[in-house]
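Text of the file target-v4.cif, holding mmCIF, C-alpha atoms and all ligand atoms:
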data_target
loop_
_atom_site.label_atom_id
_atom_site.label_comp_id
_atom_site.auth_asym_id
_atom_site.auth_seq_id
_atom_site.Cartn_x
_atom_site.Cartn_y
_atom_site.Cartn_z
CA MET A 1 144.61 97.55 21.44
CA SER A 2 143.17 94.57 19.55
CA GLU A 3 140.04 94.98 17.46
CA LYS A 4 138.15 92.72 19.87
CA LYS A 5 139.11 94.77 22.94
CA LYS A 6 138.19 97.98 21.10
CA ASN A 7 134.76 96.60 20.30
CA LEU A 8 134.27 95.50 23.89
CA LEU A 9 135.24 98.94 25.18
CA GLN A 10 132.88 100.68 22.75
CA THR A 11 130.05 98.33 23.72
CA GLY A 12 130.75 98.93 27.41
CA ILE A 13 130.67 102.73 26.99
CA LEU A 14 127.45 102.50 24.99
CA LEU A 15 125.78 100.28 27.60
CA ALA A 16 126.87 102.64 30.40
CA LEU A 17 125.36 105.58 28.48
CA VAL A 18 122.08 103.72 27.94
CA ALA A 19 121.99 102.77 31.63
CA ALA A 20 122.56 106.43 32.63
CA ILE A 21 119.76 107.61 30.33
CA CYS A 22 117.42 104.92 31.67
CA ALA A 23 118.25 105.84 35.28
CA TYR A 24 117.61 109.55 34.58
CA ALA A 25 114.33 108.88 32.72
CA GLY A 26 113.28 106.40 35.41
CA SER A 27 113.91 108.91 38.20
CA ILE A 28 111.61 111.43 36.44
CA PHE A 29 109.03 108.68 35.87
CA LEU A 30 109.05 107.78 39.58
CA SER A 31 109.14 111.38 40.84
CA VAL A 32 105.66 112.20 39.49
CA ARG A 33 104.24 109.45 41.70
CA ARG A 34 105.15 111.55 44.74
CA ALA A 35 102.17 113.58 45.94
CA ASP A 36 102.30 117.35 45.76
CA THR A 37 102.86 119.05 49.10
CA ILE A 38 99.82 120.94 50.30
CA ILE A 39 100.20 123.27 53.28
CA PRO A 40 96.68 123.50 54.71
CA ALA A 41 95.19 126.59 56.32
CA PRO A 42 95.38 126.72 60.14
CA GLY A 43 91.66 126.00 60.47
CA LEU A 44 92.05 122.49 59.08
CA THR A 45 90.02 119.99 61.14
CA GLU A 46 91.39 116.77 59.67
CA VAL A 47 92.82 115.09 56.59
CA ARG A 48 90.97 111.93 55.63
CA MET A 49 91.75 109.46 52.91
CA LEU A 50 89.17 108.59 50.28
CA SER A 51 89.76 104.91 51.09
CA GLU A 52 87.78 105.47 54.32
CA TYR A 53 84.76 105.31 52.04
CA LEU A 54 86.01 102.28 50.07
CA PRO A 55 88.78 100.32 51.84
CA ALA A 56 89.74 98.60 48.55
CA LEU A 57 91.34 101.91 47.50
CA ALA A 58 93.87 101.85 50.36
CA GLY A 59 97.40 101.45 49.03
CA THR A 60 96.39 102.17 45.42
CA ARG A 61 97.15 105.33 43.48
CA GLY A 62 93.40 105.98 43.41
CA ASP A 63 93.48 106.88 47.11
CA THR A 64 93.59 110.60 47.73
CA GLU A 65 93.44 113.19 50.49
CA ILE A 66 90.27 114.92 51.67
CA TYR A 67 90.85 118.19 53.55
CA VAL A 68 88.04 118.85 56.03
CA PHE A 69 87.35 122.26 57.60
CA GLN A 70 84.57 122.31 60.15
CA GLY A 71 83.27 125.69 61.30
CA GLU A 72 82.36 126.35 64.94
CA GLU A 73 78.78 127.07 63.97
CA GLU A 74 76.64 124.33 62.42
CA GLY A 75 75.52 124.84 58.85
CA GLY A 76 75.59 123.26 55.43
CA SER A 77 78.34 121.19 53.82
CA LEU A 78 80.25 121.72 50.60
CA LEU A 79 82.55 119.41 48.64
CA VAL A 80 84.99 120.98 46.17
CA LEU A 81 86.55 118.60 43.64
CA GLY A 82 89.77 119.60 41.88
CA GLY A 83 91.83 117.34 39.66
CA THR A 84 89.01 115.25 38.27
CA HIS A 85 91.09 115.89 35.16
CA ALA A 86 94.73 116.22 36.20
CA ASN A 87 95.65 118.25 33.11
CA GLU A 88 93.23 121.08 33.96
CA PRO A 89 95.29 123.19 36.35
CA ALA A 90 92.72 125.91 37.13
CA GLY A 91 90.53 123.21 38.66
CA TYR A 92 93.08 121.69 41.00
CA MET A 93 94.91 124.94 41.78
CA ALA A 94 91.60 126.54 42.84
CA ALA A 95 91.00 123.55 45.15
CA ILE A 96 94.56 123.83 46.54
CA VAL A 97 94.13 127.59 47.19
CA MET A 98 90.90 126.75 49.06
CA ALA A 99 92.68 124.10 51.16
CA GLU A 100 95.54 126.50 51.94
CA ARG A 101 93.38 129.57 52.72
CA ALA A 102 89.94 128.57 53.96
CA ASP A 103 88.73 129.94 57.27
CA VAL A 104 85.37 128.24 57.77
CA LYS A 105 83.14 130.01 60.28
CA LYS A 106 79.93 128.11 59.67
CA GLY A 107 79.22 124.70 58.12
CA THR A 108 81.78 122.24 56.78
CA LEU A 109 84.06 122.40 53.76
CA TYR A 110 85.57 119.29 52.15
CA VAL A 111 88.27 119.76 49.52
CA ILE A 112 89.70 116.99 47.33
CA PRO A 113 92.45 118.64 45.26
CA HIS A 114 93.45 115.47 43.37
CA ALA A 115 90.17 113.68 42.72
CA ASN A 116 91.76 111.36 40.15
CA ASN A 117 95.09 110.98 41.93
CA SER A 118 96.29 108.33 39.48
CA GLY A 119 95.89 110.84 36.64
CA PHE A 120 98.55 113.02 38.30
CA THR A 121 101.13 110.23 37.95
CA ALA A 122 101.05 110.24 34.15
CA ASN A 123 101.20 112.69 31.25
CA ASP A 124 99.25 112.49 28.00
CA ALA A 125 101.64 110.63 25.75
CA GLY A 126 102.57 112.54 22.61
CA ASP A 127 101.30 115.89 23.88
CA ALA A 128 104.68 117.06 25.24
CA CYS A 129 103.00 118.46 28.35
CA PRO A 130 104.98 120.01 31.21
CA LEU A 131 105.44 117.74 34.23
CA TYR A 132 105.09 120.54 36.79
CA LEU A 133 103.82 124.08 37.23
CA HIS A 134 106.02 126.28 39.44
CA PHE A 135 105.04 129.12 41.75
CA ASP A 136 107.36 131.39 43.77
CA THR A 137 105.61 131.54 47.13
CA ALA A 138 106.59 133.05 50.48
CA SER A 139 107.90 129.62 51.54
CA GLY A 140 109.98 129.22 48.36
CA SER A 141 109.48 127.76 44.91
CA ARG A 142 106.69 125.18 44.90
CA ALA A 143 105.94 122.69 42.14
CA PHE A 144 102.55 121.17 41.37
CA ARG A 145 102.16 118.26 39.00
CA PHE A 146 100.51 118.57 35.60
CA GLY A 147 99.00 115.18 34.83
CA SER A 148 96.75 113.41 32.41
CA ARG A 149 93.03 113.68 31.70
CA ALA A 150 92.69 110.00 32.51
CA THR A 151 93.78 107.41 35.06
CA ASN A 152 97.39 106.26 34.55
CA PRO A 153 97.27 103.24 32.18
CA ILE A 154 99.70 101.46 34.53
CA ASP A 155 96.88 101.45 37.09
CA GLN A 156 94.11 100.40 34.73
CA LEU A 157 94.64 98.47 31.54
CA PRO A 158 93.61 97.24 29.08
CA ASP A 159 90.95 99.63 27.75
CA GLN A 160 88.14 97.78 25.99
CA ASP A 161 87.25 99.09 22.50
CA THR A 162 83.94 100.30 23.87
CA TYR A 163 83.30 101.65 27.33
CA VAL A 164 79.93 100.59 28.72
CA HIS A 165 78.85 102.87 31.59
CA ALA A 166 77.80 100.36 34.23
CA ALA A 167 74.79 102.16 35.72
CA SER A 168 73.11 103.18 32.46
CA GLY A 169 74.47 100.90 29.73
CA GLN A 170 75.54 103.99 27.76
CA THR A 171 78.41 103.24 25.35
CA LEU A 172 81.36 105.55 24.79
CA SER A 173 84.81 105.36 23.22
CA GLY A 174 87.08 102.89 25.04
CA SER A 175 89.47 105.60 26.25
CA GLU A 176 86.69 107.05 28.43
CA GLN A 177 87.03 104.04 30.75
CA ARG A 178 89.82 105.90 32.52
CA ASN A 179 87.92 109.22 32.65
CA LEU A 180 86.69 109.83 36.20
CA ASN A 181 84.04 112.20 34.91
CA ARG A 182 82.38 109.42 32.89
CA SER A 183 82.49 106.91 35.74
CA TYR A 184 79.96 108.12 38.32
CA PRO A 185 78.25 106.80 40.37
CA GLY A 186 80.98 104.15 40.18
CA ARG A 187 81.18 100.56 41.41
CA PRO A 188 82.91 99.14 44.50
CA ASP A 189 84.21 96.16 42.50
CA GLY A 190 84.79 97.99 39.21
CA THR A 191 87.90 99.47 37.63
CA LEU A 192 90.12 101.79 39.70
CA THR A 193 88.40 104.80 38.10
CA GLU A 194 84.96 103.40 38.95
CA GLN A 195 86.12 102.70 42.51
CA VAL A 196 87.28 106.32 42.93
CA ALA A 197 83.91 107.54 41.60
CA TYR A 198 82.12 105.14 43.95
CA ALA A 199 84.11 106.32 47.00
CA ILE A 200 83.37 109.99 46.22
CA THR A 201 79.67 109.13 45.84
CA GLU A 202 79.80 107.28 49.19
CA LEU A 203 81.48 110.27 50.89
CA ILE A 204 78.67 112.52 49.65
CA LYS A 205 76.04 110.10 50.99
CA ALA A 206 77.74 109.33 54.31
CA ASP A 207 78.57 112.93 55.17
CA ARG A 208 75.36 114.33 53.66
CA ILE A 209 77.16 116.83 51.46
CA ASP A 210 74.68 119.57 50.53
CA MET A 211 76.53 120.89 47.48
CA THR A 212 79.31 119.48 45.28
CA VAL A 213 81.26 121.69 42.86
CA ASP A 214 83.57 119.96 40.35
CA LEU A 215 86.19 122.31 38.84
CA HIS A 216 87.43 121.93 35.25
CA GLU A 217 88.90 123.64 32.18
CA ALA A 218 87.69 123.32 28.59
CA SER A 219 89.17 123.84 25.13
CA PRO A 220 88.52 127.37 23.83
CA GLU A 221 86.64 125.82 20.87
CA TYR A 222 84.36 123.80 23.17
CA PRO A 223 80.84 125.22 23.79
CA ASN A 224 80.99 124.55 27.55
CA ASN A 225 83.70 127.21 27.94
CA ASN A 226 83.17 129.57 30.85
CA SER A 227 80.04 127.84 31.97
CA THR A 228 78.43 126.11 34.90
CA VAL A 229 76.59 122.85 34.28
CA ALA A 230 73.98 122.11 36.92
CA HIS A 231 71.85 119.12 37.82
CA GLN A 232 68.16 120.06 37.54
CA ARG A 233 67.71 120.15 41.34
CA ALA A 234 70.63 122.59 41.56
CA LEU A 235 69.30 125.02 38.92
CA PRO A 236 67.74 127.51 41.39
CA ILE A 237 71.08 127.75 43.25
CA ALA A 238 73.04 127.91 40.01
CA SER A 239 70.92 130.64 38.44
CA ARG A 240 71.04 132.81 41.55
CA GLY A 241 74.79 132.24 42.00
CA LEU A 242 75.36 132.98 38.32
CA MET A 243 73.70 136.35 38.77
CA TYR A 244 76.17 137.15 41.57
CA MET A 245 79.06 136.08 39.33
CA LEU A 246 77.84 138.38 36.55
CA MET A 247 77.66 141.20 39.13
CA GLU A 248 81.34 140.48 39.92
CA GLY A 249 82.17 141.05 36.26
CA ILE A 250 82.53 137.35 35.43
CA ASP A 251 81.06 136.37 32.06
CA ILE A 252 79.49 132.95 32.66
CA LYS A 253 76.83 130.74 31.07
CA LEU A 254 74.48 128.24 32.72
CA GLU A 255 73.59 124.89 31.23
CA ALA A 256 71.24 122.25 32.57
CA SER A 257 72.89 118.84 32.81
CA PRO A 258 71.52 116.65 29.98
CA GLU A 259 69.42 113.90 31.53
CA ASN A 260 70.50 111.20 29.09
CA TYR A 261 74.26 111.78 29.12
CA HIS A 262 75.76 109.61 31.84
CA GLY A 263 78.79 109.28 34.09
CA PHE A 264 79.25 112.98 34.93
CA THR A 265 79.34 114.52 38.40
CA HIS A 266 76.58 116.99 37.47
CA ARG A 267 74.31 114.11 36.37
CA GLU A 268 75.01 111.09 38.56
CA LEU A 269 75.86 112.77 41.88
CA GLY A 270 72.58 114.66 41.55
CA ASP A 271 70.66 111.48 40.67
CA TYR A 272 72.28 109.05 43.13
CA THR A 273 72.69 111.37 46.13
CA ASP A 274 70.89 114.37 47.64
CA THR A 275 73.74 116.79 46.83
CA PHE A 276 73.28 119.82 44.60
CA ALA A 277 75.73 118.96 41.83
CA LEU A 278 77.49 121.68 39.83
CA LEU A 279 80.43 121.60 37.42
CA MET A 280 82.37 124.69 36.34
CA GLU A 281 84.53 125.15 33.24
CA THR A 282 87.08 127.86 32.45
CA SER A 283 89.05 128.26 29.25
CA GLY A 284 92.25 126.20 29.10
CA ALA A 285 94.48 126.57 26.06
CA THR A 286 96.35 123.40 27.01
CA GLN A 287 93.08 121.48 26.48
CA GLY A 288 92.61 122.68 22.92
CA ARG A 289 93.13 120.69 19.73
CA VAL A 290 94.41 123.64 17.70
CA ARG A 291 96.93 124.98 20.22
CA GLY A 292 100.61 125.45 19.52
CA ALA A 293 103.36 123.71 21.49
CA THR A 294 102.24 122.82 25.01
CA SER A 295 104.37 124.37 27.74
CA GLU A 296 104.31 125.42 31.37
CA MET A 297 103.99 129.04 30.21
CA GLN A 298 100.98 128.17 28.07
CA ALA A 299 99.31 126.44 31.04
CA LEU A 300 100.02 129.41 33.34
CA THR A 301 99.23 132.32 31.00
CA GLY A 302 96.90 130.85 28.38
CA LEU A 303 99.03 132.68 25.78
CA ASP A 304 98.92 130.89 22.48
CA LYS A 305 99.50 132.26 18.97
CA CYS A 306 97.05 129.82 17.34
CA TYR A 307 94.19 130.75 19.68
CA GLU A 308 95.09 134.43 19.43
CA LEU A 309 94.83 134.18 15.62
CA LEU A 310 91.51 132.29 15.79
CA GLY A 311 90.14 134.65 18.42
CA THR A 312 91.01 137.82 16.54
CA THR A 313 90.11 136.73 12.98
CA THR A 314 87.23 134.22 13.32
CA ASP A 315 84.20 133.55 15.48
CA LEU A 316 85.06 129.87 15.95
CA LEU A 317 85.93 130.11 19.66
CA TYR A 318 83.52 130.13 22.58
CA VAL A 319 85.65 132.59 24.55
CA PRO A 320 87.27 135.93 23.58
CA TYR A 321 90.96 135.33 22.79
CA ASP A 322 93.67 137.91 22.15
CA GLU A 323 97.30 138.68 23.03
CA ASN A 324 96.42 138.72 26.75
CA GLY A 325 95.61 135.01 26.87
CA HIS A 326 93.76 133.74 29.95
CA PRO A 327 96.14 133.72 32.93
CA ILE A 328 95.69 131.09 35.60
CA GLU A 329 94.85 133.87 38.07
CA GLU A 330 91.79 134.74 35.96
CA ARG A 331 90.79 131.08 35.59
CA VAL A 332 91.28 130.19 39.27
CA GLY A 333 89.58 133.48 40.26
CA ARG A 334 86.52 132.50 38.23
CA HIS A 335 86.35 129.14 40.02
CA LEU A 336 86.85 130.57 43.51
CA SER A 337 84.32 133.37 43.07
CA GLY A 338 81.95 130.86 41.50
CA VAL A 339 82.14 128.50 44.47
CA LEU A 340 81.57 131.42 46.89
CA CYS A 341 78.62 132.73 44.83
CA TYR A 342 76.97 129.29 44.75
CA VAL A 343 77.55 128.90 48.50
CA GLN A 344 75.89 132.28 49.07
CA ALA A 345 72.96 131.31 46.83
CA MET A 346 72.45 127.99 48.63
CA GLY A 347 72.43 129.75 52.04
CA GLU A 348 69.82 132.25 50.82
CA ILE A 349 67.51 129.60 49.37
CA TYR A 350 68.04 127.07 52.19
CA PRO A 351 69.00 129.04 55.36
CA GLU A 352 69.72 125.81 57.28
CA LYS A 353 72.43 124.98 54.71
CA GLU A 354 74.26 128.29 55.10
CA ILE A 355 78.08 128.05 54.95
CA VAL A 356 80.45 130.90 55.77
CA ILE A 357 83.97 130.63 54.36
CA GLU A 358 86.39 133.52 54.75
CA ASN A 359 89.88 134.30 53.46
CA ILE A 360 89.37 132.92 49.95
CA PRO A 361 90.57 135.36 47.23
CA ARG A 362 87.91 136.36 44.74
CA TYR A 363 88.21 136.97 40.99
CA SER A 364 88.77 140.74 41.34
CA GLU A 365 91.68 140.17 43.76
CA LEU A 366 93.31 137.38 41.79
CA ILE A 367 93.30 139.10 38.38
CA ASN A 368 95.40 141.90 39.90
CA SER A 369 97.87 139.63 41.69
CA SER A 370 99.52 136.24 41.54
CA ILE A 371 98.27 132.86 42.77
CA ALA A 372 101.61 132.50 44.53
CA GLU A 373 100.52 135.19 47.01
CA TYR A 374 97.67 132.94 48.12
CA LEU A 375 99.73 129.75 48.54
CA ASN A 376 101.48 129.06 51.85
ZN ZN B 1 87.69 118.45 32.70
#

Rewrite the structure of this file - the entire thing - as structure tokens.
Amino acid sequence: MSEKKKNLLQTGILLALVAAICAYAGSIFLSVRRADTIIPAPGLTEVRMLSEYLPALAGTRGDTEIYVFQGEEEGGSLLVLGGTHANEPAGYMAAIVMAERADVKKGTLYVIPHANNSGFTANDAGDACPLYLHFDTASGSRAFRFGSRATNPIDQLPDQDTYVHAASGQTLSGSEQRNLNRSYPGRPDGTLTEQVAYAITELIKADRIDMTVDLHEASPEYPNNNSTVAHQRALPIASRGLMYMLMEGIDIKLEASPENYHGFTHRELGDYTDTFALLMETSGATQGRVRGATSEMQALTGLDKCYELLGTTTDLLYVPYDENGHPIEERVGRHLSGVLCYVQAMGEIYPEKEIVIENIPRYSELINSSIAEYLN
């Protein structure tokens, strides 16, 4: 074979290899755009799209499903937000368990498992995060996406150097422009993230949602760990509900939402609507800045040598940390019991807003079992 032919053959093989690698990487890239399958509980009344509250969202990756469960008896209404931050699995898995289990006897439950749906279509670059979390359920192995804290940059670029919060004029780092929980109350003609925030705010107004609970995870070194942040109007509900959580053996703190820190659910939804706005945080090792390698196991178990070392030799963390980690069952259990405790508190303080939801596993049940048992 001539030198020229040899070179051509080598180039051809190399190009074919590059094409195969691109096709494989591209297929993974596209696969995370596919929505997770949720198998709702039999009592589901309807699935709405968020774009019903802002038609401009239709056909964008900001549109997302709202699972509505209406009880036979009239009562209050509750909105549960999961996936405000798509890399905080306890938040969205708690919302998914609610959508797959809830048996609403009184009042109406709204669940949005993927509040920032665009965030689920991307990963945080450079963090080597898992793409999926897997659970062996009765219907087989199920995968749920692990996304990014922020809206996918493909859906919203470029970030300005400084993010100016539209409603207040507050300035933040430019990257916060794609953070749904800095974007409330949102704008109908704003960025995709602001439009999602606006549509959620409109849903709360239109459907007169009595209470909104936004579910998150925080770095173990972050003071908000294992806490509930409440708008000032929601403090009586939050303090009573917190007492019930403590009685369930859940160590939890209560913080009043700062009045001058804008864009958050617990601030703006309370200010711009009549809802009682609460936000809950658990402890997520995958959020932390001093964690070791990020992995699916770390996200599911909370096991991490760096946090174990810090937890057992220093007092730098805001949550106890040892060789047991913080399994997702514990973290989701905290959220689910928390929601139920706040619902109970609201019904006691405002009897006309009573909501009765059955069949949701509580903290004590989850810590002795697996989430998979509560997924369909
Ligand atoms: Zn969060």

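What separates CA of Gly147 (chain A) from CA of Ala128 (chain A) is a distance of 11.3 Å.
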
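Closest to Phe264 (chain A) among A:Asn179, A:Asn7, A:Thr64, A:Ser370 is A:Asn179, based on all atoms listed in the file.
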
Let me have all residues with an atom within 8 Å of ligand ZN 1 (chain B), counting only C-alpha atoms and all ligand atoms, laid out as a compact mmCIF listing (two decimals) with C-alpha atoms, keeping the file's coordinate frame.
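Generated output (selection11.txt):
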# COMPACT_ATOMS: atom_id res chain seq x y z
CA THR A 84 89.01 115.25 38.27
CA HIS A 85 91.09 115.89 35.16
CA ASN A 87 95.65 118.25 33.11
CA GLU A 88 93.23 121.08 33.96
CA ARG A 149 93.03 113.68 31.70
CA ASN A 181 84.04 112.20 34.91
CA LEU A 215 86.19 122.31 38.84
CA HIS A 216 87.43 121.93 35.25
CA GLU A 217 88.90 123.64 32.18
CA ALA A 218 87.69 123.32 28.59
CA GLU A 281 84.53 125.15 33.24

Inset, instruction - Give me the residues within 8 Å of Phe135 (chain A) as number ranges by chain, counting only C-alpha atoms and dropping any in the same chain fewer than 5 places off. - result: A: 141-143, 371-372

Grab the residues selected above and save them as an mmCIF file, keeping the file's coordinate frame with C-alpha atoms.
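Generated file (again20.cif):
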data_model
loop_
_atom_site.group_PDB
_atom_site.id
_atom_site.type_symbol
_atom_site.label_atom_id
_atom_site.label_comp_id
_atom_site.auth_asym_id
_atom_site.auth_seq_id
_atom_site.Cartn_x
_atom_site.Cartn_y
_atom_site.Cartn_z
ATOM 1 C CA SER A 141 109.480 127.760 44.910
ATOM 2 C CA ARG A 142 106.690 125.180 44.900
ATOM 3 C CA ALA A 143 105.940 122.690 42.140
ATOM 4 C CA ILE A 371 98.270 132.860 42.770
ATOM 5 C CA ALA A 372 101.610 132.500 44.530
#

Legend entry - Distance in Å - CA of Ala125 (chain A) versus CA of Pro185 (chain A):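 Computing the Euclidean distance for CA of Ala125 (chain A) and CA of Pro185 (chain A) yields 27.8 Å.
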
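Computed from the coordinates, the CA of Leu242 (chain A) to CA of Asn225 (chain A) distance equals 14.5 Å.
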
Inset, instruction - Compute the distance from (93.9, 118.3, 53.3) to each atom, counting all atoms listed in the file, keep the residues with any atom at most 9 Å away, and return them as a count of residues only; use the coordinates of the file. - result: 21

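Closest approach to Ala277 (chain A) from the set A:Ile360, A:Tyr132, A:Ile154, A:Leu81 is made by A:Leu81, with distances taken over all atoms listed in the file.
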
Legend entry - Neighbour list for Thr312 (chain A) as a list of chain:residue names, cut-off 12 Å, all atoms listed in the file, skip fewer than 4 positions in-chain: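 Result of the neighbour search: A:Lys305, A:Cys306, A:Tyr307, A:Glu308, A:Leu316, A:Leu317, A:Val319, A:Pro320, A:Tyr321, A:Asp322, A:Glu323, A:Asn324, A:Gly325.
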
With region 286-303 of chain A as the partner and 9 Å as the cut-off, tabulate the residues of region 121-217 of chain A that qualify, each row holding the nearest pair of atoms and their distance in Å to one decimal, using only C-alpha atoms, sorted by chain and rising number, as CSV.
residue,atom,partner,partner_atom,distance
A:Asp127,CA,A:Thr294,CA,7.1
A:Ala128,CA,A:Thr294,CA,6.3
A:Cys129,CA,A:Thr294,CA,5.5
A:Pro130,CA,A:Glu296,CA,5.5
A:Leu131,CA,A:Glu296,CA,8.3
A:Tyr132,CA,A:Glu296,CA,7.3
A:Leu133,CA,A:Glu296,CA,6.0
A:His134,CA,A:Glu296,CA,8.3
A:Phe146,CA,A:Glu296,CA,8.9
A:Glu217,CA,A:Gln287,CA,7.4

Inset, instruction - Point out the residue among A:Gly284, A:Pro158, A:Pro55, A:Gly12 with the least atom-to-atom distance to Glu202 (chain A), counting all atoms listed in the file. - result: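 Answer, going by the shortest atom-to-atom distance: A:Pro55.
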
Legend entry - Among listed residues A:Glu352, A:Glu176, A:Glu73, A:Asp315, nearest Gly107 (chain A) (using only C-alpha atoms):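 That would be A:Glu73, the residue with the smallest distance to Gly107 (chain A).
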
Show me, as a short mmCIF file (atom, residue, chain, number, x, y, z; two decimals) with C-alpha atoms, keeping the file's coordinate frame, the residues that have an atom within 8 Å of Asn117 (chain A) when counting all atoms listed in the file, minus same-chain residues fewer than 4 positions from it.
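Contents of around.cif, as written:
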data_model
loop_
_atom_site.label_atom_id
_atom_site.label_comp_id
_atom_site.auth_asym_id
_atom_site.auth_seq_id
_atom_site.Cartn_x
_atom_site.Cartn_y
_atom_site.Cartn_z
CA ARG A 61 97.15 105.33 43.48
CA GLY A 62 93.40 105.98 43.41
CA ASP A 63 93.48 106.88 47.11
CA THR A 64 93.59 110.60 47.73
CA GLY A 83 91.83 117.34 39.66
CA ALA A 86 94.73 116.22 36.20
CA THR A 121 101.13 110.23 37.95
CA THR A 151 93.78 107.41 35.06
#
